[in-house]
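Take a look at the structure set out below.
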Amino acid sequence: MTKRILFVCTGNSARSQMAEGFAKALGMEAFSAGTHPKEAVHPLAIAVMAEKGIDISQNYPKPLDLELAKTVDLIVTVCSEADEECAQLPLPVPKIHWNLPDPAKVEGNEFEKLQAFRKIRDEIERLVSQLNEDLKG
C-alpha cells in the first residue's frame, strides 16, 4: 500500500517542493505545505529539479492544511521553524525531521546560488530515496 507523506517547510517554495517532487517520482503519494507559504515556488528550485527530469513548474506554495495532515501516514519537516510549529499541533501522525538549510538564503552570484540549490536538491533526493526504502520495509 502506498504511504501518504506530507513534507512541511516554512515557505513551501523550495525544500518541501523538491521533496514532494522526488517522492512522487518514486511513486509515493506526496504533498507539501508551508507554515507561512511564499507566493511562488523558487525559480532555482524549479531549475535544479528540471536538471533531474522532474517538473515542479506547475507547483505552488500551499498552507499547512490540518485536515490533510491528519490523513497522511507521515509528516516530514524539512526546516527547524516548521518542525517547531508542527510540534505544537495536535496531530496524531508520526513526524520526522530533516534539518536542511534554506538554499534561498545563500548569498552570492547566480552560480553560487545555483550550486546551493543543487547541493540541497541532492541531499533531499538521497533522503527521499532512503525514506522510500525504509517505508517499503
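Order determines the names: the first chain of the C-alpha cells is A, the second B, and so forth; residues in each chain are numbered 1 upward, and ligands are numbered 1 upward as they are shown.
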Practice prompt. Quick one: everything within 10 Å of Ser129 (chain A), counting only C-alpha atoms, minus sequence neighbours fewer than 4 positions away in the same chain. Send it as a list in words.
Written response: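 Here the qualifying residues turn out to be Ala19, Phe22, Ala23, Leu26, Glu123, Ile124, Glu125, Glu133, Asp134 and Leu135 of chain A.
Across A:Glu112, A:Thr10, A:Ser80, A:Val128, the tightest approach to Leu64 (chain A) is made by A:Thr10 when counting only C-alpha atoms.
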Worksheet item: Can you list every residue in chain A that DSSP puts in strand (DSSP E or B), as a list in words?
Response: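 So the strand (DSSP E or B) residues in chain A would be Arg4, Ile5, Leu6, Phe7, Val8, Cys9, Glu29, Ala30, Phe31, Ser32, Ala33, Gly34, Pro63, Leu74, Ile75, Val76, Thr77, Lys95, Ile96 and His97 of chain A.
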Item to complete: Select from region 45-133 of chain A everything DSSP, run on the backbone, classes as helix (DSSP H, G or I), then give the selection as a PyMOL selection string.
Response: chain A and resi 45-50+66-69+80-87+103-105+110-133
Kindly export the residues of the current selection with C-alpha atoms, as a compact mmCIF listing (two decimals), in the first residue's frame.
```txt
# COMPACT_ATOMS: atom_id res chain seq x y z
CA ALA A 45 14.19 25.03 -7.19
CA ILE A 46 12.30 24.58 -10.45
CA ALA A 47 15.56 24.79 -12.44
CA VAL A 48 17.54 22.25 -10.40
CA MET A 49 14.65 19.77 -10.34
CA ALA A 50 14.37 20.08 -14.14
CA LEU A 66 -4.57 20.29 9.30
CA GLU A 67 -7.30 18.10 7.80
CA LEU A 68 -4.88 16.81 5.16
CA ALA A 69 -2.17 16.42 7.81
CA SER A 80 13.67 23.91 12.07
CA GLU A 81 10.94 26.53 12.04
CA ALA A 82 8.36 24.15 10.59
CA ASP A 83 9.47 21.42 12.99
CA GLU A 84 8.89 23.71 15.97
CA GLU A 85 5.48 24.83 14.70
CA CYS A 86 4.34 21.29 13.89
CA ALA A 87 5.38 20.14 17.36
CA PRO A 103 19.23 27.44 -0.20
CA ALA A 104 17.27 30.65 -0.86
CA LYS A 105 19.22 32.32 1.96
CA GLU A 110 23.89 33.27 -9.57
CA PHE A 111 26.32 30.37 -9.92
CA GLU A 112 26.86 30.17 -6.15
CA LYS A 113 23.12 30.27 -5.53
CA LEU A 114 22.52 27.57 -8.13
CA GLN A 115 25.19 25.41 -6.51
CA ALA A 116 23.48 25.81 -3.13
CA PHE A 117 20.17 24.65 -4.62
CA ARG A 118 21.88 21.68 -6.29
CA LYS A 119 23.51 20.66 -3.03
CA ILE A 120 20.20 20.72 -1.14
CA ARG A 121 18.41 19.02 -4.04
CA ASP A 122 20.90 16.15 -3.98
CA GLU A 123 20.58 15.77 -0.21
CA ILE A 124 16.78 15.75 -0.49
CA GLU A 125 16.97 13.15 -3.25
CA ARG A 126 19.13 10.94 -1.01
CA LEU A 127 16.81 11.37 1.99
CA VAL A 128 13.62 10.73 0.00
CA SER A 129 15.15 7.63 -1.61
CA GLN A 130 16.17 6.32 1.81
CA LEU A 131 12.71 7.09 3.21
CA ASN A 132 11.11 5.24 0.30
CA GLU A 133 13.27 2.18 1.00
```
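Proximity ranking of A:Lys52, A:His97, A:Lys24, A:Lys62 relative to Gly11 (chain A) places A:Lys62 first, based on only C-alpha atoms.
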Fill in: Within 10 Å of Ile5 (chain A) using only C-alpha atoms, minus same-chain residues under 5 positions, as a list of chain:residue names
A:Ala19, A:Glu20, A:Ala23, A:Lys24, A:Met28, A:Glu29, A:Ala30, A:Phe31, A:Ser32, A:Ala69, A:Thr71, A:Val72, A:Asp73, A:Leu74, A:Ile75, A:Val76, A:Lys95
Serialized selection, C-alpha atoms, as a PDB file, in the first residue's frame:
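Generated file (selection18.pdb):
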```pdb
ATOM      1  CA  ALA A  19      10.932  16.579  -1.609  1.00  0.00           C
ATOM      2  CA  GLU A  20       7.390  16.266  -2.941  1.00  0.00           C
ATOM      3  CA  ALA A  23       8.656  11.360  -3.679  1.00  0.00           C
ATOM      4  CA  LYS A  24       6.103  11.494  -6.499  1.00  0.00           C
ATOM      5  CA  MET A  28       4.809   7.808  -3.380  1.00  0.00           C
ATOM      6  CA  GLU A  29       1.636   9.761  -2.665  1.00  0.00           C
ATOM      7  CA  ALA A  30       3.210  13.028  -1.591  1.00  0.00           C
ATOM      8  CA  PHE A  31       2.105  16.505  -0.623  1.00  0.00           C
ATOM      9  CA  SER A  32       3.906  19.618   0.542  1.00  0.00           C
ATOM     10  CA  ALA A  69      -2.174  16.420   7.809  1.00  0.00           C
ATOM     11  CA  THR A  71      -4.851  11.778   6.774  1.00  0.00           C
ATOM     12  CA  VAL A  72      -1.196  11.144   5.936  1.00  0.00           C
ATOM     13  CA  ASP A  73       0.981   8.317   7.220  1.00  0.00           C
ATOM     14  CA  LEU A  74       3.991  10.503   7.947  1.00  0.00           C
ATOM     15  CA  ILE A  75       4.883  14.171   8.232  1.00  0.00           C
ATOM     16  CA  VAL A  76       8.425  15.182   7.321  1.00  0.00           C
ATOM     17  CA  LYS A  95       6.679  13.019  12.330  1.00  0.00           C
TER      18      LYS A  95
END
```
Discussion item. Taking only C-alpha atoms into account, name the residue in A:Leu100, A:Val93, A:Val41, A:Ala25 that is nearest to Val78 (chain A).
Written reply: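 Smallest separation from Val78 (chain A) among the options: A:Leu100.
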Practice prompt. Grab the CA of Pro101 (chain A) to CA of Arg15 (chain A) distance for me, in Å with one decimal place.
Written response: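 Between CA of Pro101 (chain A) and CA of Arg15 (chain A) the gap is 8.8 Å.
CA of Val8 (chain A) is positioned 11.4 Å from CA of Asn99 (chain A).
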Item to complete: Report the distance between CA of Gly137 (chain A) and CA of Gln17 (chain A) in Å, rounded to one decimal place.
Response: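 Between CA of Gly137 (chain A) and CA of Gln17 (chain A) the gap works out to 24.9 Å.
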Worksheet item: Which is closest to Lys38 (chain A) among A:Val106, A:Met18, A:Cys9, A:Ile54, if we use only C-alpha atoms?
Response: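 Closest residue, counting only C-alpha atoms: A:Cys9.
Restricting the calculation to only C-alpha atoms, the smallest distance between Leu6 (chain A) and any of A:Asn59, A:Thr77, A:Gln88, A:Thr35 is found for A:Thr77.
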Worksheet entry | Selected residue of minimal separation from Ile96 (chain A) among A:His36, A:Gly21, A:Asp55, A:Cys79, counting only C-alpha atoms | A:Cys79
